[in-house]
Structures are given as C-alpha cells and as structure tokens.
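See below for the structure under consideration.
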Amino acid sequence: MLRILLLYLCALAAAENGSQGWLRYAPVPCDKACQDALPSSIVTLDRNETSPVYVAGQELQQGIQRIFNKTVPINYDNCAAPSSIIVGTLRDYNCSTQDIPELGEDGFVLNTTGDTVQLLGHNQRGALYAAFEYLSMLAQGNLSQVAYASDAHAPIRQVNEWDNMDGSIERGYAGPSIFFANGTVVDDLTRAREYARLLASIKINGIVVNNVNANATLLEPRNLDGLRRIADVFRPYGVQIGVSLNFASPRDFGGLDTFDPLDPSVVSWWENVTDQIYQRVPDLAGYLVKASSEGQPGPLTYNRTLAEGANVLARALQPHGGILMFRAFVYDNNLNESKWKADRANAAVDYFKPLDGEFEENVIVQIKYGPIDFQVREPASPLFANLNRTNVAIELQVTQEYLGQQCHLVYLPPLWKTVLNFDLRVDRKASPVRDAISGKTFNRPLGGWTAVVNVGTNSTWLGSHLAMSNLYAYGRLAWDPMADSEDILQDWIRLTFGSDNQVLDKITEMSMASWPAYENYTGNLGEQTLTDIIYTHYGPNPASQDNNGWGQWTRADAQGIGMDRTVGNGTGYAGQYPEEVAQLYEDIDTTPDDLVLWFHHVNYTHRLHSGKTVIQHFYDAHYSGAETAHSFVDMWESLRDKIDQERYDDVLTRLVYQAGHSIVWRDAIANFYHNLSDIPDETQRVGNHPWRIEAESMALSGYKPYAVYPFETASNATAIITTSNSTTGTASTTLSIPSGAYNLAINYYDLYGGSSLWTVYRNDDQIGQWTGDTKLGHIPSIYLDGHSATRVTFRDVEFRSGDVLRIVGEPDGTEPAPLDYVALLPGGVVD
Ligand code: GCV
C-alpha cells in the first residue's frame, strides 16, 4: 500500500501540468565538482516571514533543493560565512566594505565572483529579484561567475486582469478567475499566491485584479476585506495590488444623485472610499480607470474633461501615495463611415493632447500600443509623442484577444518591439517609444508598463503551455526593453522544457516564425487582424470591419482597400506624429509595405515596394502563412521523445488545430477579396482545390445543404447539417483517385450548444471518430462560421479508387453535426 502511495506521489510530483510555469526547477546534472561549487548556506537578512527578503531565502533553498538535490540551511545573522548566498537589502547588508554601485528603485546587485554570492537589493523587492535571477541561472545550468548591477527600465511594471466579480474573465481563455466568484473574493487564494510568485520572478511589481469594465460592488465591505486578503498574498512577493473603479460608483453604489467629478459630495465620497480601502490595504498601488469609453461612465457625461475626472481620483490617492492609471482608450464607437475624414485612430490624441499638463502628478495615462485595439499590426500610438507634461505607460496584451486566443501559437515580443523601438523623432531627435514610457523623452518622473494577462484557473495559467512565453517575455522586457526577443525566449524554453539543443532550436524556430505567420494568414499590410470585431474577435470575418460605428474600417470595395489617413486627402491621422514621421507616412512611396493599408487607400492592383500587387500579396501571404502554421506540427513532432507526454500531447493538439484553422483563415480571406475584387490569383490556387470533395456534393441522407454566413467561411459557401436535431445524417461518395496513402482532412463546425459525434468509414471500415466539443478555450460560436470552423485529420490512410467514403453525423443539442468538405491530400500537400 505504501509503495502504491509512493508511486502515486512520485507521479504527482512529476506531473507537467504547467502550474509551475518557468519556475519548474527541474533537476540539472551536477557532478562532484559542481556540487562542491554550490553554496553551503543561505544568509537571509530579514526574519519577517512576510517580507520579500525572507521569501527570497525560502525560494533559494527550495530551488537549489529541486535543481541540485542539495539541502542548504538558512541562517539569519551569519553574514561572514564563506561559501554562502547572502540575500537582503543594501541597507541591511553590512558584511563587506567593498564598493556597491548606486541602485535605482527595485534595482539589485548579483555577484557570484567572491567568497559569497551576493544578492542585494535597493529594496526588499530588488533582493527578491536578484534571488530569482540567480535561480534562473542555476536552473539553466549556468554556474558562471558574474557580477553586475541591474536597474528597472521604469517604475511601473504592472499586469491587468479583466476579472469580473462573478468569476468570468473578459477576454480570458483559461477558465474562470483565480480571484473572484459569485460576486466576491474566493476563499482559497492558493493560486493567487502562485501567481504572485510567477510575477515576482519576472520583476512585475503591480497587479490590477479586476476588470476595467468595473463593477462598483467591488466596493462592498466584504469585497474590500477580500482585497485585503489578496494584498496579503501578493505583498511577500513585492507585488502591490490595484483596483479598477467604475466612475459612476458615487451614484450607482454610493447612493448620491450624481457622479459629477466636480460635485463636492462626489469628491468627498471618493476620499472616504479611498480611506476605507487604504485602511485594509495600506500599500495599495492605486486605481485604474476606463472612463467615457465603450459605454463606461466618465466625466464627459457632465461635460467635465477627462483630466478633471482623473484628478478627483488622483487627489484622493495622494495622501496615501497611490497612483492613478487613467486609460487613453477613449473613443466614439458610433462613427459614421460615410464621412471620409472620420477616424477612430485619431481619438486618443484628439482627447488627450489638449489636456497635456492638466493631470495631477500621480496620474499616468495608460496607452494601448497602437491607436486602435491590440491588432496584429498597428503603428505606434502617436499619443506617446504628444504628451510631454504627462506621465505615460504602455498597455500591451498578453492574452491573445485578436491574436488567436491562445489557440494559435503567436510569440508576441517581436510585435511589441515594432512599437517599443519605433523612433517617434520628437524634436527631430532619436526618441523611441520605450524612452517615452520610461519618462526619458520628456523628463517625466513616472511611467512604465502594463499588460492585460487574464490568467485563469486552468493549470497552465493562460490555457496553453506555449503561450506562457509571452507572459515571461513581458516581464523581461518591462525590466529591460533592449533585451533580445529570441534570447528571452530561449531562457524561457530552457526553464520550461530543459536545455536539449533540439528542443531549444525547434521551439525557437516555431515561436519566432509564429507572429509573421499569423499576420500572413489573418490581416496583411496594416489592414488589422480581419477577425470578427462584432462577435468573438476570433475567426475570420473581414466584412465585419466596415459598415458599423466601431471605426475599425478597411473601406474595402470592388476597386480598392485601405484607410486614407494622410493629411493631404484623408483623416489627418498621419499628421499626429512629429514632422519627420508624419512625412514618412504621408507619402505612399515612403510608407513601409506592412502599414500601407493603414495609411493609404489604394487599388488592389497597386504595386508594393516588394513589386507585388496588393491583391497578389494577400493571396501569397495567406498561402505562405498557412504553410508555416503546418510546419509547426512537424517541428513539434520531431520532439516527441524529448518532451514529457502530458505537455507533448497538449501542445500537439493545439498545433494541429492551429494548422487546420490557418486553412480556414487562408481560404476565408483569400475568397473574400477574390470575390470582391474579381482579380484572380496569378498562381490559380484561390478557389481551386483539386483534392477536395464538398460535403454538399456527396450523396446525402438525413443531411441537407446549408448556406453558411459569412459565405467565405465555408468551402463553396455551403456546408451540410442534419435535417433535424435528432436525425442521424450520412454523407457518402465513391472515390475516383489514384490508389495510395492520403491524409484525410475533414472540415466541420464545432458549435457551442452540443457535442455531435462524427464517424468516418472507408467502405465498412471505421477510420475514425470525433466529437464536436474541443475545449481549447477560444470564445465559442453558436453559428457555422469562421470561429467554429475546425479541421480533423487522419493521417496516412490507404484509399483505392472505387472505395466509398462515408461520414455519419449524429447531432447533439443545437449542433446539427455540420460538415464542410473532405480533402484527400497526398503527403506534403497543404490544402
Ligand atoms: C475590457 C476591447 C475589448 C474589450 C475591452 C476593451 C478595453 O474593446 O474587446 O473587451 O474591455 O478593449 O480595452 O477596454
């Protein structure tokens, strides 16, 4: 019995469910010389169990135990011991007279060159960061001698969670909240503590725990008590919590008859609430506010400026040392597309530039990286160049709202770097965006970073093992934006999957190719992602961009496409940049191809710098992107023997899905613009699928044809569904193909509302079976469309001419076992 229990415990210990993220601390081979070189004790310069320095000591002890199987004792007052690791603040460190460099807030020294390993922080947080950085070296088998000081790029390094009080998460793809359920804070904050640890290890120092579309019930006394518990969990890891506020709370929650920010009763209401929060959470980082945007209340309701609204909250925070993150994501979502000069992209500068200098000193304007909304490619927000008397922070998105919702591998740092490194040429001088957010460009005291992360209860945190590279890299870049995307990635791979060279190479290759591939098979040339902006933000729906008030327009018609954002003839957006950049974008000849449709409206036959026409670029990019996505499957499969089964299988399932969905994207976008422009693909791939058999052309019994909307999300615009919700459908066809082995791909629709069962036969032999209930985490759809369109593939199936291929679909719930087409693909063919 004991033996069985031990085996069970070992299995649990070895479970690779992703919950440890990059802090797995897997064993690293260590011979006698290596063991001898390991420190023999840890000196922790703080005994307080809730202090980050104490936590650092514990982390070091547990990490070394797990990596090297060595138990290292912890002392609290023995700084002279040779061969020890000393962790603490510079103030508490008085063991050596050697020169220690000046450090900034949260900075640290890491020195392994002397008798002792010094992990010394400017403050407690810095000491903890040094400990995690040292452990990261050890976990990668790096025992080299290093000595350096490291300082933060900017003081604000936060994550935002869009968690709702009922436990759901807006744009979260990894299950429900780790903080809230049923209107209040959950009792068990174990996962919150593990998250705090992950964040501290990448030097994140703040977390806003609730959705910017905020619910005022957060301010109920029981919830303020809950916030106290959350803060208690994050504090030992040096992470301060913050909260999102609903601007109408004084009226909707407080019972006042107004939320006018200049009304004295509103001012004192906010002061009183702020005092109550700080009584429970004395080190609250501050507030985050989304005001007068997308239906959220704000000061504009009372004809007060955004600055007047922000300042009331900022002043309430000042006595407590708190900061107000005020979002620049303010725009009119009822714009009129018939007006050539209307442009949502203009909104942030239009609203905020006139207010520059009017915000209190503890306000930080939080600006999304691009002027629209986390698209696959956007130019840097011009607001970064337009606020020189206001603190600013950049807002990135780790959660992949418009970028595949963690069901597509998309390594994001290369995208982020296009913005961070973009030179705004303020006053004709070098002024990359990263300098605006650190405060360097305009000599501002505060500034920094935030990213919407939306972790959930899924053991992998983000719903996908590989997506965690984005969270890791976000923290690394917020500390040092000059760090190389690929170097960061490789640290993450070693920490997450080990140091095998093949593993390193393949995951690097896939990840680095992933954003370009995703851009290729979604939206090109600065056209935005082309996902469905009205519904799920997931699958393709290019038509949804236009003819509505949201302002994410492409202005595509039969002749051309693109937003004319020039000053000369368009919306004037290009003129929001400093002169040199404005000129660059004003002129189509100097606008880079990858943003040409962002800035210019052109005919489909317009020739790019690359020499291709716009339309041919669309076609080629989509085919090439889908091929790259398919190559990820092969790359991952080459690692079969090198990755534990649990993670290998999980990742493979997702990559196979992504490969199938990339075909859905490719065909939808290519067909849509082919249909609109009537310009054929030079290489005749679009609309020409020799290996496909349309489901509607098969012999049907219990199935009927169904016209899919949007048309481009079904091959030949048509699918089949069962004739009723309880009728089993059969679709069959007699094959006339050369005999041989084929990959049998079947495109179907996986709808929310049922788990249909499909079975596929060759004559009377069952080839396989699947159900329509893939729970990959993206927002599901109740329709047959580009979100629900899915592919299953059976590999290397032998067929002979004359064989009958038969698919039997059993509907379930409201899902009528929909089928689009089958493709019999010879090896190597992607279609
Ligand atoms: C939290 C986009 C998202 C919304 C989000 C909003 C924002 O519009 O789709 O879900 O709301 O951005 O950033 O406030």
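Letters A, B, ... go to the chains of the structure tokens in the order shown; residues in each chain start at 1; ligands are counted from 1 in the same order.
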
For chain A versus ligand 1, which residues have an atom no more than 8 Å away, and what is each residue's nearest atom pair and distance in Å rounded to one decimal, using only C-alpha atoms and all ligand atoms, chain-then-number order, as CSV?
residue,atom,partner,partner_atom_place_in_ligand_line,distance
A:Trp162,CA,ligand 1,1 (C),6.3
A:Glu170,CA,ligand 1,10 (O),5.8
A:Arg171,CA,ligand 1,10 (O),5.9
A:Asn211,CA,ligand 1,1 (C),6.4
A:Val212,CA,ligand 1,1 (C),5.5
A:Asn213,CA,ligand 1,1 (C),5.4
A:Lys290,CA,ligand 1,14 (O),6.6
A:Ser293,CA,ligand 1,14 (O),7.5
A:Glu294,CA,ligand 1,14 (O),7.3
A:Phe329,CA,ligand 1,14 (O),6.7
A:Asp373,CA,ligand 1,2 (C),6.3
A:Glu401,CA,ligand 1,9 (O),7.3
A:His537,CA,ligand 1,9 (O),7.5

Convert the current residue selection to file output with all heavy atoms, as a CSV table (one decimal), in the first residue's frame.
chain,number,residue,atom,x,y,z
A,162,TRP,N,-8.7,41.2,-16.3
A,162,TRP,CA,-10.0,41.7,-16.6
A,162,TRP,C,-11.0,40.8,-16.0
A,162,TRP,O,-11.9,40.3,-16.7
A,162,TRP,CB,-10.2,41.9,-18.1
A,162,TRP,CG,-9.5,43.0,-18.7
A,162,TRP,CD1,-8.8,44.1,-18.1
A,162,TRP,CD2,-9.4,43.3,-20.1
A,162,TRP,NE1,-8.3,44.9,-19.0
A,162,TRP,CE2,-8.6,44.5,-20.2
A,162,TRP,CE3,-9.8,42.7,-21.3
A,162,TRP,CZ2,-8.3,45.1,-21.5
A,162,TRP,CZ3,-9.5,43.3,-22.5
A,162,TRP,CH2,-8.7,44.4,-22.6
A,170,GLU,N,-13.3,38.8,-18.9
A,170,GLU,CA,-13.4,39.3,-20.2
A,170,GLU,C,-12.1,39.1,-21.0
A,170,GLU,O,-11.1,39.5,-20.5
A,170,GLU,CB,-13.8,40.9,-20.1
A,170,GLU,CG,-14.0,41.5,-21.4
A,170,GLU,CD,-14.8,42.8,-21.3
A,170,GLU,OE1,-15.3,43.1,-20.2
A,170,GLU,OE2,-15.0,43.4,-22.4
A,171,ARG,N,-12.3,38.5,-22.1
A,171,ARG,CA,-11.1,38.2,-23.0
A,171,ARG,C,-10.1,37.3,-22.3
A,171,ARG,O,-8.9,37.4,-22.5
A,171,ARG,CB,-10.4,39.4,-23.5
A,171,ARG,CG,-11.3,40.5,-24.0
A,171,ARG,CD,-12.1,40.1,-25.2
A,171,ARG,NE,-13.1,41.1,-25.6
A,171,ARG,CZ,-14.1,40.9,-26.4
A,171,ARG,NH1,-14.3,39.7,-27.0
A,171,ARG,NH2,-14.9,41.9,-26.7
A,211,ASN,N,-11.6,43.8,-13.6
A,211,ASN,CA,-11.9,44.3,-15.0
A,211,ASN,C,-11.9,45.8,-15.0
A,211,ASN,O,-12.6,46.4,-14.2
A,211,ASN,CB,-13.2,43.7,-15.5
A,211,ASN,CG,-13.4,43.8,-17.0
A,211,ASN,OD1,-12.6,44.5,-17.7
A,211,ASN,ND2,-14.4,43.2,-17.5
A,212,VAL,N,-11.4,46.4,-16.1
A,212,VAL,CA,-11.5,47.8,-16.3
A,212,VAL,C,-13.0,48.2,-16.6
A,212,VAL,O,-13.4,49.3,-16.4
A,212,VAL,CB,-10.6,48.3,-17.5
A,212,VAL,CG1,-9.2,48.4,-17.1
A,212,VAL,CG2,-10.8,47.5,-18.7
A,213,ASN,N,-13.7,47.3,-17.1
A,213,ASN,CA,-15.2,47.4,-17.2
A,213,ASN,C,-15.7,47.1,-15.8
A,213,ASN,O,-16.1,46.0,-15.5
A,213,ASN,CB,-15.8,46.5,-18.3
A,213,ASN,CG,-15.4,47.0,-19.6
A,213,ASN,OD1,-15.2,48.2,-19.9
A,213,ASN,ND2,-15.4,46.0,-20.6
A,290,LYS,N,-11.1,53.2,-16.6
A,290,LYS,CA,-11.6,53.3,-18.0
A,290,LYS,C,-12.8,54.2,-17.9
A,290,LYS,O,-13.9,53.8,-17.4
A,290,LYS,CB,-11.9,51.9,-18.6
A,290,LYS,CG,-12.6,51.9,-19.9
A,290,LYS,CD,-12.9,50.5,-20.4
A,290,LYS,CE,-13.6,50.4,-21.7
A,290,LYS,NZ,-13.8,49.0,-22.1
A,293,SER,N,-15.8,55.5,-22.1
A,293,SER,CA,-15.3,54.7,-23.2
A,293,SER,C,-16.2,53.4,-23.3
A,293,SER,O,-16.4,52.8,-22.3
A,293,SER,CB,-13.9,54.3,-23.0
A,293,SER,OG,-13.5,53.2,-23.8
A,294,GLU,N,-16.6,53.1,-24.5
A,294,GLU,CA,-17.3,51.8,-24.7
A,294,GLU,C,-18.5,51.6,-23.7
A,294,GLU,O,-18.6,50.6,-23.1
A,294,GLU,CB,-16.4,50.6,-24.7
A,294,GLU,CG,-15.3,50.6,-25.8
A,294,GLU,CD,-14.5,49.4,-25.9
A,294,GLU,OE1,-14.3,48.7,-24.9
A,294,GLU,OE2,-14.0,49.1,-27.1
A,329,PHE,N,-7.8,54.9,-23.8
A,329,PHE,CA,-8.7,54.2,-24.7
A,329,PHE,C,-10.1,54.8,-24.7
A,329,PHE,O,-11.0,54.2,-24.2
A,329,PHE,CB,-8.7,52.7,-24.3
A,329,PHE,CG,-9.4,51.8,-25.2
A,329,PHE,CD1,-8.9,51.6,-26.5
A,329,PHE,CD2,-10.5,51.0,-24.8
A,329,PHE,CE1,-9.5,50.7,-27.4
A,329,PHE,CE2,-11.1,50.2,-25.7
A,329,PHE,CZ,-10.6,50.0,-27.0
A,373,ASP,N,-6.7,48.8,-31.4
A,373,ASP,CA,-7.0,47.9,-30.3
A,373,ASP,C,-6.3,46.6,-30.5
A,373,ASP,O,-6.9,45.6,-30.9
A,373,ASP,CB,-8.5,47.6,-30.3
A,373,ASP,CG,-9.0,47.0,-29.0
A,373,ASP,OD1,-8.3,46.9,-28.1
A,373,ASP,OD2,-10.2,46.7,-29.0
A,401,GLU,N,-6.3,38.3,-27.4
A,401,GLU,CA,-7.7,38.6,-27.8
A,401,GLU,C,-7.9,38.6,-29.3
A,401,GLU,O,-8.8,37.9,-29.8
A,401,GLU,CB,-8.1,40.0,-27.3
A,401,GLU,CG,-9.5,40.4,-27.7
A,401,GLU,CD,-9.9,41.8,-27.2
A,401,GLU,OE1,-9.1,42.4,-26.4
A,401,GLU,OE2,-10.9,42.3,-27.7
A,537,HIS,N,-14.2,38.1,-31.9
A,537,HIS,CA,-12.8,38.5,-32.1
A,537,HIS,C,-11.8,37.4,-32.3
A,537,HIS,O,-10.7,37.4,-32.0
A,537,HIS,CB,-12.2,39.3,-30.9
A,537,HIS,CG,-13.0,40.6,-30.6
A,537,HIS,ND1,-12.5,41.5,-29.7
A,537,HIS,CD2,-14.1,41.1,-31.1
A,537,HIS,CE1,-13.4,42.6,-29.7
A,537,HIS,NE2,-14.3,42.3,-30.5

**Item:** Val596 in chain A environment, 9 Å, only C-alpha atoms, sequence neighbours closer than 5 positions dropped, as a ChimeraX atom specification
**Value:** /A:525-527,562,585,588,591,601-602,608

**Request:** Find the residues around range 805-813 of chain A up to 8 Å (only C-alpha atoms counted), leave out those fewer than 5 positions away in its own chain, and share them as number ranges by chain.
**Result:** A: 722, 725-735, 753-763, 818

Can I get the selection written as an mmCIF file, in the first residue's frame, with N, CA, C and O atoms?
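Result went into again27.cif, see below:
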data_model
loop_
_atom_site.group_PDB
_atom_site.id
_atom_site.type_symbol
_atom_site.label_atom_id
_atom_site.label_comp_id
_atom_site.auth_asym_id
_atom_site.auth_seq_id
_atom_site.Cartn_x
_atom_site.Cartn_y
_atom_site.Cartn_z
ATOM 1 N N THR A 722 -27.623 18.281 -40.327
ATOM 2 C CA THR A 722 -28.639 17.233 -40.288
ATOM 3 C C THR A 722 -30.023 17.856 -40.447
ATOM 4 O O THR A 722 -30.239 19.021 -40.086
ATOM 5 N N ASN A 725 -32.616 18.030 -35.354
ATOM 6 C CA ASN A 725 -31.662 17.872 -34.250
ATOM 7 C C ASN A 725 -31.593 16.445 -33.725
ATOM 8 O O ASN A 725 -30.795 16.140 -32.845
ATOM 9 N N SER A 726 -32.480 15.592 -34.236
ATOM 10 C CA SER A 726 -32.423 14.204 -33.753
ATOM 11 C C SER A 726 -32.223 13.209 -34.895
ATOM 12 O O SER A 726 -32.302 12.007 -34.702
ATOM 13 N N THR A 727 -31.960 13.720 -36.104
ATOM 14 C CA THR A 727 -31.774 12.815 -37.241
ATOM 15 C C THR A 727 -30.289 12.546 -37.458
ATOM 16 O O THR A 727 -29.492 13.484 -37.525
ATOM 17 N N THR A 728 -29.922 11.289 -37.569
ATOM 18 C CA THR A 728 -28.539 10.960 -37.914
ATOM 19 C C THR A 728 -28.343 11.204 -39.409
ATOM 20 O O THR A 728 -29.186 10.810 -40.222
ATOM 21 N N GLY A 729 -27.283 11.880 -39.759
ATOM 22 C CA GLY A 729 -27.037 12.166 -41.170
ATOM 23 C C GLY A 729 -25.908 11.312 -41.731
ATOM 24 O O GLY A 729 -24.986 10.937 -41.003
ATOM 25 N N THR A 730 -26.014 11.000 -43.017
ATOM 26 C CA THR A 730 -24.936 10.259 -43.688
ATOM 27 C C THR A 730 -24.582 10.981 -44.985
ATOM 28 O O THR A 730 -25.466 11.339 -45.760
ATOM 29 N N ALA A 731 -23.288 11.178 -45.190
ATOM 30 C CA ALA A 731 -22.811 11.757 -46.450
ATOM 31 C C ALA A 731 -21.811 10.776 -47.028
ATOM 32 O O ALA A 731 -20.880 10.353 -46.330
ATOM 33 N N SER A 732 -22.003 10.364 -48.274
ATOM 34 C CA SER A 732 -21.061 9.394 -48.824
ATOM 35 C C SER A 732 -20.707 9.725 -50.269
ATOM 36 O O SER A 732 -21.441 10.428 -50.967
ATOM 37 N N THR A 733 -19.554 9.198 -50.647
ATOM 38 C CA THR A 733 -19.098 9.441 -52.009
ATOM 39 C C THR A 733 -18.206 8.287 -52.438
ATOM 40 O O THR A 733 -17.498 7.696 -51.609
ATOM 41 N N THR A 734 -18.242 7.972 -53.730
ATOM 42 C CA THR A 734 -17.354 6.939 -54.247
ATOM 43 C C THR A 734 -16.119 7.631 -54.813
ATOM 44 O O THR A 734 -16.229 8.563 -55.610
ATOM 45 N N LEU A 735 -14.973 7.196 -54.349
ATOM 46 C CA LEU A 735 -13.741 7.894 -54.703
ATOM 47 C C LEU A 735 -13.239 7.471 -56.070
ATOM 48 O O LEU A 735 -13.273 6.287 -56.400
ATOM 49 N N GLY A 753 -23.156 24.534 -27.844
ATOM 50 C CA GLY A 753 -24.546 24.093 -27.708
ATOM 51 C C GLY A 753 -24.737 22.615 -27.982
ATOM 52 O O GLY A 753 -25.868 22.123 -27.942
ATOM 53 N N GLY A 754 -23.653 21.902 -28.259
ATOM 54 C CA GLY A 754 -23.805 20.470 -28.474
ATOM 55 C C GLY A 754 -22.475 19.804 -28.742
ATOM 56 O O GLY A 754 -21.495 20.469 -29.056
ATOM 57 N N SER A 755 -22.468 18.487 -28.581
ATOM 58 C CA SER A 755 -21.267 17.706 -28.891
ATOM 59 C C SER A 755 -21.660 16.612 -29.859
ATOM 60 O O SER A 755 -21.920 15.468 -29.468
ATOM 61 N N SER A 756 -21.748 16.948 -31.115
ATOM 62 C CA SER A 756 -22.111 15.949 -32.127
ATOM 63 C C SER A 756 -21.026 14.889 -32.193
ATOM 64 O O SER A 756 -19.877 15.122 -31.781
ATOM 65 N N LEU A 757 -21.412 13.756 -32.755
ATOM 66 C CA LEU A 757 -20.438 12.672 -32.932
ATOM 67 C C LEU A 757 -20.366 12.362 -34.422
ATOM 68 O O LEU A 757 -21.392 12.121 -35.061
ATOM 69 N N TRP A 758 -19.171 12.396 -34.970
ATOM 70 C CA TRP A 758 -18.969 12.054 -36.378
ATOM 71 C C TRP A 758 -18.138 10.774 -36.457
ATOM 72 O O TRP A 758 -17.157 10.621 -35.697
ATOM 73 N N THR A 759 -18.509 9.906 -37.379
ATOM 74 C CA THR A 759 -17.731 8.700 -37.599
ATOM 75 C C THR A 759 -17.449 8.599 -39.094
ATOM 76 O O THR A 759 -18.360 8.802 -39.908
ATOM 77 N N VAL A 760 -16.207 8.293 -39.443
ATOM 78 C CA VAL A 760 -15.858 8.237 -40.859
ATOM 79 C C VAL A 760 -15.440 6.808 -41.222
ATOM 80 O O VAL A 760 -14.717 6.145 -40.461
ATOM 81 N N TYR A 761 -15.957 6.350 -42.362
ATOM 82 C CA TYR A 761 -15.704 4.975 -42.809
ATOM 83 C C TYR A 761 -15.095 4.965 -44.204
ATOM 84 O O TYR A 761 -15.426 5.809 -45.036
ATOM 85 N N ARG A 762 -14.251 3.976 -44.427
ATOM 86 C CA ARG A 762 -13.839 3.618 -45.803
ATOM 87 C C ARG A 762 -14.525 2.292 -46.065
ATOM 88 O O ARG A 762 -14.249 1.318 -45.380
ATOM 89 N N ASN A 763 -15.461 2.283 -46.968
ATOM 90 C CA ASN A 763 -16.337 1.121 -47.139
ATOM 91 C C ASN A 763 -16.951 0.794 -45.771
ATOM 92 O O ASN A 763 -17.545 1.668 -45.172
ATOM 93 N N PRO A 818 -22.485 19.546 -38.327
ATOM 94 C CA PRO A 818 -22.207 20.200 -39.622
ATOM 95 C C PRO A 818 -20.887 19.750 -40.246
ATOM 96 O O PRO A 818 -19.892 19.549 -39.547
#

**Item:** For Asp678 in chain A: contacts at 10 Å, only C-alpha atoms, fewer than 4 positions along chain excluded, given as a list in words
**Value:** Ala558, Gln559, Asn671, Phe672, Tyr673 and His674 of chain A

**Request:** Could you tell me which of A:Phe384, A:Trp449, A:Tyr173, A:Trp550 comes closest to Asn334 in chain A if we count only C-alpha atoms?
**Result:**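 Going through A:Phe384, A:Trp449, A:Tyr173, A:Trp550 one by one, the smallest distance to Asn334 in chain A is for A:Trp550.
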
**Message:** Run DSSP on the backbone and tell me which residues of range 357-415 of chain A come out as helix (DSSP H, G or I); list them as a ChimeraX atom specification.
**Reply:** /A:382-385,413-415

**Request:** Just the residues within 7 Å of Asp480 in chain A, please, counting only C-alpha atoms, with nothing from its chain fewer than 3 positions along; format it as a list in words.
**Result:**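 The filter keeps Ala152, His153, Arg476, Leu477 and Ala483 of chain A.
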
Write the residues of the selection above to a file with N, CA, C and O atoms, as a short mmCIF file (atom, residue, chain, number, x, y, z; two decimals), in the first residue's frame.
data_model
loop_
_atom_site.label_atom_id
_atom_site.label_comp_id
_atom_site.auth_asym_id
_atom_site.auth_seq_id
_atom_site.Cartn_x
_atom_site.Cartn_y
_atom_site.Cartn_z
N ALA A 152 15.69 48.83 -13.06
CA ALA A 152 14.45 48.75 -13.84
C ALA A 152 14.42 49.84 -14.90
O ALA A 152 14.86 50.96 -14.67
N HIS A 153 13.84 49.49 -16.04
CA HIS A 153 13.63 50.48 -17.10
C HIS A 153 12.65 51.55 -16.65
O HIS A 153 12.79 52.73 -17.01
N ARG A 476 10.24 40.37 -18.67
CA ARG A 476 11.65 40.61 -19.00
C ARG A 476 11.81 41.93 -19.76
O ARG A 476 12.74 42.69 -19.53
N LEU A 477 10.90 42.20 -20.68
CA LEU A 477 11.01 43.45 -21.46
C LEU A 477 10.66 44.67 -20.63
O LEU A 477 11.24 45.74 -20.83
N ALA A 483 16.43 43.95 -24.20
CA ALA A 483 16.71 42.51 -24.26
C ALA A 483 16.16 41.95 -25.58
O ALA A 483 15.15 42.42 -26.09
#

**Asked** Can you list, as a list of chain:residue names, every residue of range 307-530 of chain A that DSSP puts in strand (DSSP E)?
**Response** A:Ile323, A:Leu324, A:Met325, A:Phe326, A:Arg327, A:Val363, A:Ile364, A:Val365, A:Gln366, A:Ile367, A:Lys368, A:Asn391, A:Val392, A:Ala393, A:Ile394, A:Glu395, A:Leu396, A:Gln397, A:Gly447, A:Gly448, A:Trp449, A:Thr450, A:Ala451, A:Val452

**Request:** Between A:Thr418, A:Thr554, A:Thr653, A:Ser268, single out the one closest to Ser381 in chain A, counting only C-alpha atoms.
**Result:**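 So, comparing all the options, the nearest one is A:Thr418.
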
**Request:** Go through A:Gln528, A:Gln62, A:Asn520, A:Thr112 and flag the residue nearest Trp665 in chain A, using only C-alpha atoms for the distances.
**Result:**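 When distances to Trp665 in chain A are compared using only C-alpha atoms, the smallest one comes from A:Asn520.
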
Please provide as a JSON list (two decimals) with N, CA, C and O atoms, in the first residue's frame all residues within 8 Å of Leu313 in chain A, with the sequence filter that same-chain residues fewer than 3 positions apart are discarded (counting only C-alpha atoms).
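Generated output (result_39.json):
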[["chain", "number", "residue", "atom", "x", "y", "z"],
["A", 270, "TRP", "N", -15.40, 59.95, -2.84],
["A", 270, "TRP", "CA", -14.20, 59.22, -3.30],
["A", 270, "TRP", "C", -13.10, 59.24, -2.22],
["A", 270, "TRP", "O", -12.40, 58.24, -2.02],
["A", 271, "GLU", "N", -12.98, 60.36, -1.53],
["A", 271, "GLU", "CA", -11.95, 60.41, -0.47],
["A", 271, "GLU", "C", -12.25, 59.37, 0.60],
["A", 271, "GLU", "O", -11.36, 58.65, 1.06],
["A", 309, "GLY", "N", -11.90, 64.63, -14.43],
["A", 309, "GLY", "CA", -12.36, 63.36, -13.86],
["A", 309, "GLY", "C", -11.23, 62.60, -13.20],
["A", 309, "GLY", "O", -11.34, 62.10, -12.08],
["A", 310, "ALA", "N", -10.10, 62.52, -13.90],
["A", 310, "ALA", "CA", -8.95, 61.77, -13.37],
["A", 310, "ALA", "C", -8.45, 62.40, -12.07],
["A", 310, "ALA", "O", -8.13, 61.71, -11.10],
["A", 316, "ALA", "N", -7.59, 62.00, -4.30],
["A", 316, "ALA", "CA", -8.00, 61.12, -3.18],
["A", 316, "ALA", "C", -6.87, 60.15, -2.85],
["A", 316, "ALA", "O", -6.69, 59.74, -1.70],
["A", 317, "LEU", "N", -6.09, 59.80, -3.87],
["A", 317, "LEU", "CA", -4.99, 58.83, -3.65],
["A", 317, "LEU", "C", -3.74, 59.49, -3.06],
["A", 317, "LEU", "O", -2.92, 58.81, -2.42],
["A", 324, "LEU", "N", -2.80, 56.89, -10.07],
["A", 324, "LEU", "CA", -3.98, 56.63, -10.89],
["A", 324, "LEU", "C", -3.53, 56.31, -12.30],
["A", 324, "LEU", "O", -2.92, 57.13, -12.98]]

**Request:** List the neighbours of range 235-242 of chain A out to 8 Å using only C-alpha atoms; skip same-chain residues closer than 6 positions along the sequence, and give me the result as JSON, numbers by chain.
**Result:** {"A": [50, 51, 52, 55, 124, 125, 128, 196, 197, 199, 200, 204, 205, 206, 207, 208, 209, 283, 284, 285, 286, 287, 288]}

Dump as a CSV table (one decimal), in the first residue's frame, selection limited to C-alpha atoms:
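Heads up, here's the output in again00.csv:
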chain,number,residue,atom,x,y,z
A,50,THR,CA,6.0,38.1,5.1
A,51,SER,CA,9.0,40.0,3.8
A,52,PRO,CA,10.2,39.6,0.2
A,55,VAL,CA,10.7,34.7,0.8
A,124,GLN,CA,13.3,44.2,-0.4
A,125,ARG,CA,11.8,43.7,-3.9
A,128,LEU,CA,13.9,39.0,-4.3
A,196,ALA,CA,2.3,36.3,-7.2
A,197,ARG,CA,5.4,34.2,-7.2
A,199,LEU,CA,5.1,37.7,-11.4
A,200,ALA,CA,7.8,38.5,-8.9
A,204,ILE,CA,6.4,42.7,-12.1
A,205,ASN,CA,5.6,44.9,-9.1
A,206,GLY,CA,1.9,45.6,-9.5
A,207,ILE,CA,-1.4,43.8,-10.4
A,208,VAL,CA,-4.8,45.3,-11.0
A,209,VAL,CA,-7.1,42.5,-10.1
A,283,ASP,CA,0.2,49.7,0.3
A,284,LEU,CA,-2.4,49.7,-2.5
A,285,ALA,CA,-0.7,50.7,-5.7
A,286,GLY,CA,-3.7,52.8,-6.7
A,287,TYR,CA,-6.6,52.8,-9.2
A,288,LEU,CA,-7.1,52.0,-12.8

**Asked** Any idea what the distance is between CA of Arg444 in chain A and CA of Leu383 in chain A?
**Response** 14.9 Å
